[in-house]
file input28.txt (compact mmCIF, C-alpha atoms)
# COMPACT_ATOMS: atom_id res chain seq x y z
CA MET A 220 0.00 0.00 0.00
CA PHE A 221 2.83 2.39 0.90
CA SER A 222 6.09 2.58 -0.98
CA PHE A 223 9.44 2.51 0.81
CA LYS A 224 9.94 6.19 -0.11
CA GLU A 225 6.73 7.23 1.65
CA ILE A 226 7.56 5.17 4.76
CA LYS A 227 11.03 6.74 4.84
CA LYS A 228 9.54 10.26 4.66
CA SER A 229 7.12 9.47 7.51
CA PHE A 230 9.99 8.09 9.58
CA LEU A 231 12.07 11.25 9.03
CA ILE A 232 9.08 13.41 9.99
CA SER A 233 8.65 11.45 13.22
CA LEU A 234 12.36 11.94 14.03
CA TRP A 235 12.02 15.67 13.41
CA PHE A 236 9.01 15.92 15.73
CA MET A 237 10.85 13.95 18.40
CA PHE A 238 13.72 16.44 18.15
CA LEU A 239 11.38 19.47 18.37
CA THR A 240 9.41 18.17 21.36
CA PHE A 241 12.42 16.77 23.22
CA PRO A 242 12.81 19.67 25.73
CA LEU A 243 9.09 19.74 26.51
CA MET A 244 8.21 16.04 26.60
CA VAL A 245 11.40 14.45 27.97
CA ILE A 246 13.10 16.91 30.31
CA LYS A 247 11.17 17.36 33.55
CA ILE A 248 12.44 19.28 36.58
CA ASN A 249 11.55 18.20 40.09
CA PRO A 250 11.02 21.47 42.04
CA GLU A 251 11.51 19.75 45.42
CA THR A 252 14.87 18.13 44.78
CA HIS A 253 15.96 20.47 41.96
CA SER A 254 16.86 17.46 39.88
CA ILE A 255 16.15 16.58 36.25
CA LEU A 256 13.89 13.65 35.38
CA TRP A 257 14.34 12.07 31.96
CA GLU A 258 11.04 10.70 30.63
CA TRP A 259 12.20 8.89 27.48
CA LYS A 260 8.89 7.06 27.21
CA ASN A 261 7.18 10.28 26.12
CA MET A 262 9.59 10.66 23.21
CA LEU A 263 8.79 7.12 22.07
CA TRP A 264 5.05 7.87 22.07
CA VAL A 265 5.62 11.10 20.15
CA GLY A 266 7.62 9.23 17.50
CA ILE A 267 5.07 6.43 17.12
CA GLY A 268 2.12 8.83 17.05
CA THR A 269 3.73 11.16 14.50
CA PHE A 270 4.73 8.26 12.28
CA CYS A 271 1.18 6.84 12.25
CA ILE A 272 -0.42 10.24 11.64
CA SER A 273 1.97 10.91 8.75
CA LEU A 274 1.05 7.60 7.11
CA LEU A 275 -2.67 8.37 7.53
CA VAL A 276 -2.21 11.78 5.94
CA ARG A 277 -0.37 10.27 2.96
CA PHE A 278 -3.08 7.64 2.54
CA TYR A 279 -5.77 10.33 2.67
CA GLN A 280 -3.99 12.55 0.13
CA ALA A 281 -3.37 9.65 -2.25
CA ARG A 282 -7.03 8.66 -2.10
CA ASN A 283 -8.20 12.21 -2.73
CA LYS A 284 -6.11 12.53 -5.88
CA LYS A 285 -8.41 9.97 -7.50
CA LYS A 286 -11.55 11.94 -6.65
CA SER A 287 -13.09 14.98 -8.24
CA LEU A 288 -13.14 18.38 -6.52
CA SER A 289 -16.77 17.97 -5.48
CA LYS A 290 -15.99 14.73 -3.67
CA LYS A 291 -12.79 16.14 -2.19
CA LEU A 292 -14.81 18.51 -0.02
CA PHE A 293 -16.06 16.61 3.00
CA PHE A 294 -18.75 19.21 3.57
CA ALA A 295 -20.46 21.51 1.09
CA ASP A 296 -21.70 24.98 1.89
CA ARG A 297 -25.23 24.11 0.95
CA LYS A 298 -28.61 25.03 2.35
CA ILE A 299 -28.97 23.89 5.95
CA PRO A 300 -32.14 21.88 6.68
CA THR A 301 -34.87 23.77 8.51
CA SER A 302 -34.97 21.14 11.27
CA VAL A 303 -31.30 21.76 12.08
CA ILE A 304 -31.86 25.51 12.24
CA VAL A 305 -34.89 25.10 14.54
CA ALA A 306 -32.97 22.72 16.82
CA PHE A 307 -30.01 25.09 17.00
CA LEU A 308 -32.30 28.03 17.76
CA PHE A 309 -34.16 26.11 20.49
CA PHE A 310 -30.95 24.94 22.16
CA SER A 311 -29.49 28.44 22.00
CA ILE A 312 -32.52 29.87 23.79
CA ILE A 313 -32.62 27.32 26.61
CA PHE A 314 -28.82 27.15 27.04
CA PRO A 315 -28.49 29.76 29.86
CA PHE A 316 -31.23 27.99 31.83
CA LEU A 317 -29.46 24.61 31.65
CA PHE A 318 -25.90 25.61 32.52
CA SER A 319 -24.12 27.72 35.11
CA ASN A 320 -23.01 31.32 34.68
CA TYR A 321 -19.48 30.11 33.97
CA HIS A 322 -20.61 28.19 30.88
CA VAL A 323 -22.94 31.00 29.83
CA ASN A 324 -20.08 33.48 30.04
CA ILE A 325 -17.83 31.27 27.88
CA MET A 326 -20.58 30.75 25.33
CA THR A 327 -21.18 34.51 25.18
CA THR A 328 -17.53 34.97 24.25
CA ALA A 329 -17.88 32.31 21.56
CA LEU A 330 -20.97 34.06 20.15
CA MET A 331 -19.05 37.34 20.02
CA TYR A 332 -16.26 35.67 18.05
CA ILE A 333 -18.84 34.23 15.65
CA VAL A 334 -19.94 37.78 14.85
CA LEU A 335 -16.31 38.92 14.57
CA GLY A 336 -15.52 36.01 12.27
CA LEU A 337 -18.52 36.77 10.05
CA GLY A 338 -17.50 40.43 9.91
CA LEU A 339 -13.94 39.55 8.94
CA ASN A 340 -15.37 37.06 6.46
CA ILE A 341 -16.63 40.00 4.41
CA ILE A 342 -13.11 41.40 4.06
CA VAL A 343 -11.09 38.19 3.79
CA GLY A 344 -13.53 35.47 2.75
CA LEU A 345 -15.70 37.34 0.24
CA ALA A 346 -13.51 40.20 -0.99
CA GLY A 347 -10.21 38.32 -0.65
CA LEU A 348 -8.42 41.20 1.15
CA LEU A 349 -6.05 39.81 3.79
CA ASN A 350 -6.46 41.81 7.01
CA LEU A 351 -4.12 41.22 9.95
CA GLY A 352 -5.27 44.26 11.94
CA TYR A 353 -8.94 43.49 12.44
CA ALA A 354 -8.60 43.79 16.23
CA ALA A 355 -8.04 47.53 15.71
CA PHE A 356 -11.70 47.99 14.70
CA TYR A 357 -12.67 45.86 17.70
CA ALA A 358 -10.69 48.24 19.93
CA ILE A 359 -12.23 51.33 18.33
CA GLY A 360 -15.70 50.04 19.17
CA ALA A 361 -14.80 49.22 22.76
CA TYR A 362 -13.09 52.54 23.44
CA SER A 363 -15.88 54.45 21.71
CA TYR A 364 -18.42 53.14 24.22
CA ALA A 365 -16.10 53.53 27.21
CA LEU A 366 -15.11 57.13 26.39
CA LEU A 367 -18.57 58.26 25.30
CA ASN A 368 -20.01 56.91 28.53
CA TYR A 369 -17.23 58.41 30.65
CA HIS A 370 -17.42 61.92 29.17
CA PHE A 371 -21.04 62.21 28.00
CA GLY A 372 -22.92 59.47 29.86
CA ILE A 373 -24.03 57.74 26.62
CA GLY A 374 -25.59 54.34 27.28
CA PHE A 375 -24.97 50.95 25.74
CA TRP A 376 -27.71 50.94 23.10
CA LEU A 377 -26.95 54.42 21.79
CA ALA A 378 -23.22 53.66 21.71
CA ILE A 379 -23.68 50.69 19.35
CA PRO A 380 -24.59 52.66 16.19
CA ILE A 381 -22.04 55.36 17.04
CA ALA A 382 -19.25 52.79 17.48
CA ALA A 383 -20.34 51.00 14.29
CA LEU A 384 -20.13 54.29 12.37
CA LEU A 385 -16.71 55.19 13.80
CA SER A 386 -15.35 51.72 13.00
CA ALA A 387 -16.74 51.95 9.45
CA LEU A 388 -14.98 55.30 9.01
CA ALA A 389 -11.76 53.73 10.27
CA GLY A 390 -12.23 50.94 7.74
CA ILE A 391 -12.57 53.48 4.95
CA LEU A 392 -9.47 55.34 6.15
CA LEU A 393 -7.56 52.04 6.08
CA GLY A 394 -9.01 51.12 2.69
CA PHE A 395 -7.82 54.21 0.82
CA PRO A 396 -4.03 53.63 1.22
CA VAL A 397 -4.30 49.93 0.29
CA LEU A 398 -6.39 50.23 -2.88
CA ARG A 399 -3.40 49.25 -5.05
CA LEU A 400 -1.99 46.64 -2.68
CA ARG A 401 -2.64 42.91 -2.53
CA GLY A 402 -1.25 39.76 -0.97
CA ASP A 403 1.68 40.11 1.42
CA TYR A 404 1.90 43.90 1.02
CA LEU A 405 -1.73 44.30 2.03
CA ALA A 406 -1.16 42.06 5.04
CA ILE A 407 1.83 44.16 6.17
CA VAL A 408 -0.12 47.43 5.92
CA THR A 409 -3.11 46.10 7.86
CA LEU A 410 -0.76 44.64 10.48
CA CYS A 411 0.88 48.06 10.88
CA PHE A 412 -2.54 49.69 11.15
CA GLY A 413 -3.48 47.41 14.04
CA THR A 414 -0.17 48.12 15.75
CA ILE A 415 -0.59 51.89 15.31
CA ILE A 416 -4.05 51.85 16.88
CA ARG A 417 -2.78 49.85 19.86
CA LEU A 418 0.17 52.20 20.37
CA ILE A 419 -2.16 55.22 20.25
CA LEU A 420 -4.34 53.64 22.91
CA GLU A 421 -1.29 52.97 25.07
CA ASN A 422 0.37 56.39 24.78
CA TRP A 423 -2.47 58.92 24.49
CA ASP A 424 -3.02 59.10 28.23
CA GLU A 425 -5.16 62.26 28.11
CA LEU A 426 -7.79 60.54 25.96
CA THR A 427 -7.52 56.77 26.49
CA PHE A 428 -5.98 56.69 30.02
CA GLY A 429 -3.02 54.75 28.62
CA PRO A 430 -2.09 51.25 29.83
CA SER A 431 -4.26 51.70 32.94
CA GLY A 432 -7.35 51.36 30.78
CA ILE A 433 -10.92 52.35 31.61
CA SER A 434 -12.86 50.64 34.38
CA GLN A 435 -16.43 50.68 35.73
CA ILE A 436 -17.97 50.59 32.26
CA PRO A 437 -21.76 50.20 32.69
CA ARG A 438 -23.41 46.97 31.68
CA PRO A 439 -26.39 47.09 29.31
CA THR A 440 -29.86 47.80 30.71
CA PHE A 441 -33.35 46.97 29.47
CA PHE A 442 -35.31 50.22 29.10
CA GLY A 443 -33.53 51.60 32.14
CA ILE A 444 -33.97 48.42 34.20
CA GLU A 445 -30.69 47.17 35.69
CA PHE A 446 -30.09 43.49 36.31
CA SER A 447 -28.36 41.68 39.15
CA PRO A 448 -24.84 40.28 38.52
CA HIS A 449 -26.35 36.82 38.03
CA ASN A 450 -29.08 37.86 35.59
CA VAL A 451 -26.97 40.33 33.62
CA THR A 452 -24.78 37.47 32.35
CA THR A 453 -27.86 35.83 30.85
CA TYR A 454 -29.02 39.16 29.44
CA ILE A 455 -25.68 39.78 27.71
CA TYR A 456 -25.81 36.23 26.36
CA PHE A 457 -29.13 36.90 24.66
CA ILE A 458 -27.82 40.20 23.29
CA ALA A 459 -24.86 38.34 21.75
CA LEU A 460 -27.22 35.67 20.42
CA GLY A 461 -29.36 38.36 18.82
CA PHE A 462 -26.26 39.83 17.18
CA VAL A 463 -25.36 36.40 15.82
CA PHE A 464 -28.72 35.88 14.10
CA PHE A 465 -28.76 39.46 12.84
CA THR A 466 -25.24 39.11 11.44
CA ILE A 467 -25.99 35.76 9.78
CA PHE A 468 -29.03 37.27 8.08
CA MET A 469 -27.19 40.40 6.91
CA VAL A 470 -24.01 38.64 5.73
CA ASN A 471 -26.06 36.04 3.86
CA ARG A 472 -28.04 38.79 2.12
CA LEU A 473 -24.87 40.70 1.31
CA LYS A 474 -23.19 37.56 -0.02
CA HIS A 475 -25.94 37.01 -2.61
CA SER A 476 -26.47 40.68 -3.44
CA LYS A 477 -24.89 42.71 -6.25
CA ILE A 478 -22.12 44.04 -3.99
CA GLY A 479 -21.51 40.49 -2.70
CA ARG A 480 -20.99 39.16 -6.22
CA GLU A 481 -18.62 42.05 -6.87
CA TRP A 482 -16.63 41.13 -3.75
CA GLN A 483 -16.33 37.52 -4.89
CA ALA A 484 -15.36 38.57 -8.40
CA LEU A 485 -12.68 40.83 -6.91
CA ARG A 486 -11.41 37.90 -4.86
CA GLU A 487 -11.13 35.58 -7.86
CA ASP A 488 -9.47 37.95 -10.34
CA GLU A 489 -9.00 41.64 -9.63
CA ILE A 490 -7.88 42.55 -13.16
CA ALA A 491 -10.75 40.72 -14.88
CA CYS A 492 -13.17 42.22 -12.34
CA GLU A 493 -12.03 45.75 -13.19
CA ALA A 494 -12.13 44.99 -16.93
CA MET A 495 -15.79 44.01 -16.62
CA GLY A 496 -16.65 47.47 -15.32
CA VAL A 497 -16.67 46.85 -11.56
CA ASP A 498 -15.60 49.89 -9.54
CA LYS A 499 -12.62 48.49 -7.65
CA THR A 500 -12.36 51.47 -5.31
CA LYS A 501 -15.98 51.34 -4.20
CA THR A 502 -15.92 47.55 -3.85
CA LYS A 503 -12.82 47.47 -1.65
CA LEU A 504 -13.90 50.39 0.54
CA SER A 505 -17.36 48.88 1.06
CA ALA A 506 -15.77 45.60 2.15
CA PHE A 507 -13.49 47.31 4.67
CA ALA A 508 -16.28 49.56 5.98
CA LEU A 509 -18.93 46.85 6.37
CA GLY A 510 -16.46 44.36 7.82
CA ALA A 511 -15.29 46.91 10.39
CA THR A 512 -18.88 47.75 11.35
CA TRP A 513 -19.45 44.41 13.07
CA ALA A 514 -16.12 44.62 14.87
CA GLY A 515 -17.14 48.01 16.28
CA MET A 516 -20.46 46.66 17.56
CA MET A 517 -18.77 43.69 19.19
CA GLY A 518 -16.26 46.04 20.78
CA VAL A 519 -19.15 47.78 22.55
CA LEU A 520 -20.50 44.45 23.77
CA PHE A 521 -17.04 43.38 24.93
CA ALA A 522 -16.60 46.58 26.96
CA ALA A 523 -20.04 46.15 28.52
CA LYS A 524 -19.38 42.49 29.28
CA THR A 525 -16.00 42.93 30.99
CA THR A 526 -16.66 46.45 32.43
CA PHE A 527 -12.91 47.10 31.95
CA ILE A 528 -10.75 47.54 28.86
CA ASN A 529 -7.11 48.38 28.21
CA PRO A 530 -4.83 48.14 25.15
CA ALA A 531 -3.63 44.66 26.19
CA SER A 532 -7.08 43.30 25.25
CA PHE A 533 -6.56 44.12 21.56
CA THR A 534 -3.19 42.66 20.66
CA PHE A 535 -2.09 41.03 17.40
CA ILE A 536 -3.04 37.59 18.69
CA GLU A 537 -6.70 38.68 18.68
CA SER A 538 -6.47 39.42 14.96
CA VAL A 539 -4.82 36.04 14.42
CA ILE A 540 -7.64 34.22 16.23
CA MET A 541 -10.27 36.02 14.14
CA LEU A 542 -8.41 35.25 10.93
CA SER A 543 -8.00 31.61 12.00
CA ILE A 544 -11.76 31.35 12.42
CA VAL A 545 -12.29 32.48 8.82
CA VAL A 546 -9.58 30.23 7.36
CA LEU A 547 -10.50 27.11 9.33
CA GLY A 548 -14.22 27.60 8.78
CA GLY A 549 -13.86 28.09 5.05
CA MET A 550 -13.33 31.27 3.08
CA GLY A 551 -16.76 32.78 2.47
CA SER A 552 -18.64 30.04 4.33
CA ILE A 553 -21.09 31.25 6.98
CA SER A 554 -21.87 27.90 8.59
CA GLY A 555 -18.19 26.93 8.59
CA ILE A 556 -17.21 30.10 10.45
CA ILE A 557 -19.83 29.39 13.13
CA ILE A 558 -18.40 25.91 13.73
CA ALA A 559 -14.78 27.14 13.65
CA ALA A 560 -15.50 29.92 16.16
CA LEU A 561 -17.10 27.47 18.58
CA ILE A 562 -14.11 25.12 18.27
CA LEU A 563 -11.41 27.79 18.58
CA ILE A 564 -12.99 29.52 21.56
CA LEU A 565 -14.55 26.63 23.49
CA LEU A 566 -11.89 23.94 22.97
CA PRO A 567 -8.99 25.70 24.79
CA GLU A 568 -11.31 26.63 27.66
CA TYR A 569 -12.64 23.13 28.23
CA LEU A 570 -9.17 21.59 27.91
CA ARG A 571 -7.90 23.44 30.98
CA GLU A 572 -7.92 20.18 32.95
CA LEU A 573 -5.05 18.97 30.77
CA GLY A 574 -2.86 21.74 32.17
CA ASN A 575 0.23 22.44 30.10
CA TYR A 576 -0.79 19.91 27.47
CA ARG A 577 -4.04 21.61 26.49
CA MET A 578 -2.41 23.96 23.97
CA ILE A 579 -0.49 21.02 22.47
CA VAL A 580 -3.77 19.17 21.95
CA PHE A 581 -5.33 22.34 20.59
CA GLY A 582 -2.45 22.96 18.18
CA LEU A 583 -2.43 19.37 16.95
CA SER A 584 -6.16 19.50 16.29
CA MET A 585 -5.68 22.66 14.21
CA VAL A 586 -2.85 21.02 12.23
CA VAL A 587 -5.06 18.00 11.52
CA ILE A 588 -7.88 20.24 10.29
CA ILE A 589 -5.54 22.18 8.01
CA ILE A 590 -4.04 19.00 6.55
CA PHE A 591 -7.29 17.10 6.04
CA LYS A 592 -9.51 20.10 5.29
CA PRO A 593 -7.44 22.64 3.31
CA HIS A 594 -10.63 24.33 2.10
CA GLY A 595 -11.91 24.80 5.65
CA LEU A 596 -14.37 22.79 7.70
CA ILE A 597 -17.15 23.66 5.29
CA GLY A 598 -15.80 24.50 1.88
CA ASN A 599 -17.45 27.28 -0.12
CA VAL A 600 -18.41 25.45 -3.34
CA LYS A 601 -18.32 27.63 -6.44
CA LYS A 602 -21.47 27.85 -8.46
CA ASN A 603 -21.42 26.92 -12.15
CA TYR A 604 -23.64 28.99 -14.39
CA LYS A 605 -24.80 27.24 -17.55
CA THR A 606 -26.16 28.82 -20.70
CA ASP A 607 -28.07 27.48 -23.67
CA TYR A 608 -25.75 29.28 -26.09
CA ASP A 609 -23.57 26.92 -28.10
CA VAL A 610 -20.19 28.46 -28.88
CA SER A 611 -19.64 26.01 -31.74
CA GLN A 612 -22.44 27.55 -33.79

call {"tool": "encode", "arguments": {"input": "input28.txt", "output": "C-alpha cells"}}
result
Amino acid sequence: MFSFKEIKKSFLISLWFMFLTFPLMVIKINPETHSILWEWKNMLWVGIGTFCISLLVRFYQARNKKKSLSKKLFFADRKIPTSVIVAFLFFSIIFPFLFSNYHVNIMTTALMYIVLGLGLNIIVGLAGLLNLGYAAFYAIGAYSYALLNYHFGIGFWLAIPIAALLSALAGILLGFPVLRLRGDYLAIVTLCFGTIIRLILENWDELTFGPSGISQIPRPTFFGIEFSPHNVTTYIYFIALGFVFFTIFMVNRLKHSKIGREWQALREDEIACEAMGVDKTKTKLSAFALGATWAGMMGVLFAAKTTFINPASFTFIESVIMLSIVVLGGMGSISGIIIAALILILLPEYLRELGNYRMIVFGLSMVVIIIFKPHGLIGNVKKNYKTDYDVSQ
C-alpha cells in the first residue's frame, strides 16, 4: 500500500518531531529536589504517534487525488435543513437555563467571536483582502463606548450605532491607502494599522488613560432596568445571540447581493473584475467599511461584558484568532465560520484540565484540520452557471 519512499519520509518526519518536542516532553524538573527527570517514554510515544499520523495523511492525500473536486470537499456549503436551524435556535434559547453562569459566560464569548468572524469574512472570505489588523476595529468600538459613557454618559444601546459608524470610518481610512496593494503587502499594511491603533491607545493618556485602561464601564440595561450580577450574564448572552442571528441574516443577504458578487469577483481575479466594469475602489472600501462595522459593535458588547478595557485586550493575537476562524471555517462560508468559532474559543477553555498539554492538543487538532480540510471545515463550493448558447455555432 505504501512505498518505501513514503515510509522513509514518515519516519524522518517522526524523528524531526521527536527532536522538536524533546525539551518539553522528555526533560522534567523536580522542584523539590531540583533534579532533572528524563522521561524517554514520552519521546517514544511522540515518534510512534507522529509516524502513524503521517502515514494516515499520505493515505488520505493519495485517495483524494483519485476523486473529483466535489468529492474532495467533505462538507459543502449548501442550504442547511430547517430542522437543524430550529434545533439550533431552540438549544441556544434554553442554554443559559441549563448551565451555570461560567458556561454562559464562555458561550457569550464564543458568540461574540462568531460575529467577529462573520465580519472579517466580508473582508477576507468574500472580498479576498487579507487583514491582519482586524482587532483595531474591535478596539475602536470598545473605546468608543467607554469614552462616550465616561465623558457624555451615553448608554450601551446608543453607543452601538455610534461605534459602528466610527469603525466603518476607520475601515474606509484604512481602505484608501491599500487600494493598489494585494497579498503580502496588504497584510503588512493592515498589520501596521493594528499596531498603530494599539500604540495610540497605550500612549495617548489624556484621551484613552493609557495602559491603565478604563474601568467601571456600565453593563447594558433593558429600558432603564438594571439586572443583578447573576441575571446580567444571561441578558448579555441573549444580546450576543441576537447579534449572531442578525449578522448571519445580513451577511447572507450581502453575499448574494450585487455588492456580494462584486466582492467575490474581486477575490477571484481583480484585473478581470475591473475589466468588466466593476468599480474596484468602491468595492474594496465597502468591504473594509462593512467588515469593520461588526467589529465596532462587538467592541461595545465586549466593553459592557467585561466592564474594563485596556490596550492589552486588543493585541495582534486577537487578529490572528479572528483570521484563523475564517480560514479554518472556510473562506466565504457562513456555517463553517460558526463551527470554527465554537471550536477555537470553546476547545482551549474546556481543555484546561489537561494543564500544560491543552495547547499542544489544541495545536495538533488545528494542524489535523488544516491537513485534512485545506478548504476549511465547510468549503465554499463555487457555483457553475450554464447557458443554452452553443459556442460552436

call {"tool": "closest_residue", "arguments": {"input": "input28.txt", "among": "A:Phe527, A:Phe412, A:Tyr332, A:Trp376", "to": "Thr466 in chain A", "atoms": "all atoms listed in the file"}}
result
A:Tyr332

call {"tool": "atom_distance", "arguments": {"input": "input28.txt", "atom1": "CA of Gly268 in chain A", "atom2": "CA of Pro242 in chain A"}}
result
17.5 Å

call {"tool": "atom_distance", "arguments": {"input": "input28.txt", "atom1": "CA of Ile478 in chain A", "atom2": "CA of Thr502 in chain A"}}
result
7.1 Å

call {"tool": "atom_distance", "arguments": {"input": "input28.txt", "atom1": "CA of Asp403 in chain A", "atom2": "CA of Gly479 in chain A"}}
result
23.6 Å

call {"tool": "residues_around", "arguments": {"input": "input28.txt", "residues": "Tyr353 in chain A", "least_positions_apart": "6", "cutoff": "8 Å", "atoms": "all atoms listed in the file", "output": "PyMOL selection string"}}
result
chain A and resi 339+409+413+511+514+538+541

call {"tool": "residues_around", "arguments": {"input": "input28.txt", "residues": "Ile467 in chain A", "least_positions_apart": "5", "cutoff": "12 Å", "atoms": "all atoms listed in the file", "output": "MDAnalysis selection string"}}
result
chainID A and resid 330 333:338 340:341 460:462 472:474 513 552:557

call {"tool": "residues_around", "arguments": {"input": "input28.txt", "residues": "range 445-459 of chain A", "least_positions_apart": "2", "cutoff": "7 Å", "atoms": "all atoms listed in the file", "output": "ChimeraX atom specification"}}
result
/A:315,320,323-324,327,330-331,440-441,443,461-463

call {"tool": "closest_residue", "arguments": {"input": "input28.txt", "among": "A:Asp424, A:Phe464, A:Leu348, A:Tyr369", "to": "Val408 in chain A", "atoms": "only C-alpha atoms"}}
result
A:Leu348

call {"tool": "residues_near_point", "arguments": {"input": "input28.txt", "point": "(-5.5, 52.6, 22.4)", "cutoff": "8 Å", "atoms": "only C-alpha atoms", "output": "PyMOL selection string"}}
result
chain A and resi 358-359+362+416-423+427+429+529-530

call {"tool": "closest_residue", "arguments": {"input": "input28.txt", "among": "A:Ser431, A:Met550, A:Asp498, A:Gly515", "to": "Leu385 in chain A", "atoms": "all atoms listed in the file"}}
result
A:Gly515

call {"tool": "closest_residue", "arguments": {"input": "input28.txt", "among": "A:Ala484, A:Val546, A:Leu561, A:Ala361", "to": "Ser434 in chain A", "atoms": "only C-alpha atoms"}}
result
A:Ala361

call {"tool": "closest_residue", "arguments": {"input": "input28.txt", "among": "A:Leu366, A:Met517, A:Val545, A:Val343", "to": "Glu487 in chain A", "atoms": "only C-alpha atoms"}}
result
A:Val343

call {"tool": "closest_residue", "arguments": {"input": "input28.txt", "among": "A:Val245, A:Leu393, A:Ala559, A:Ala365", "to": "Ile528 in chain A", "atoms": "all atoms listed in the file"}}
result
A:Ala365
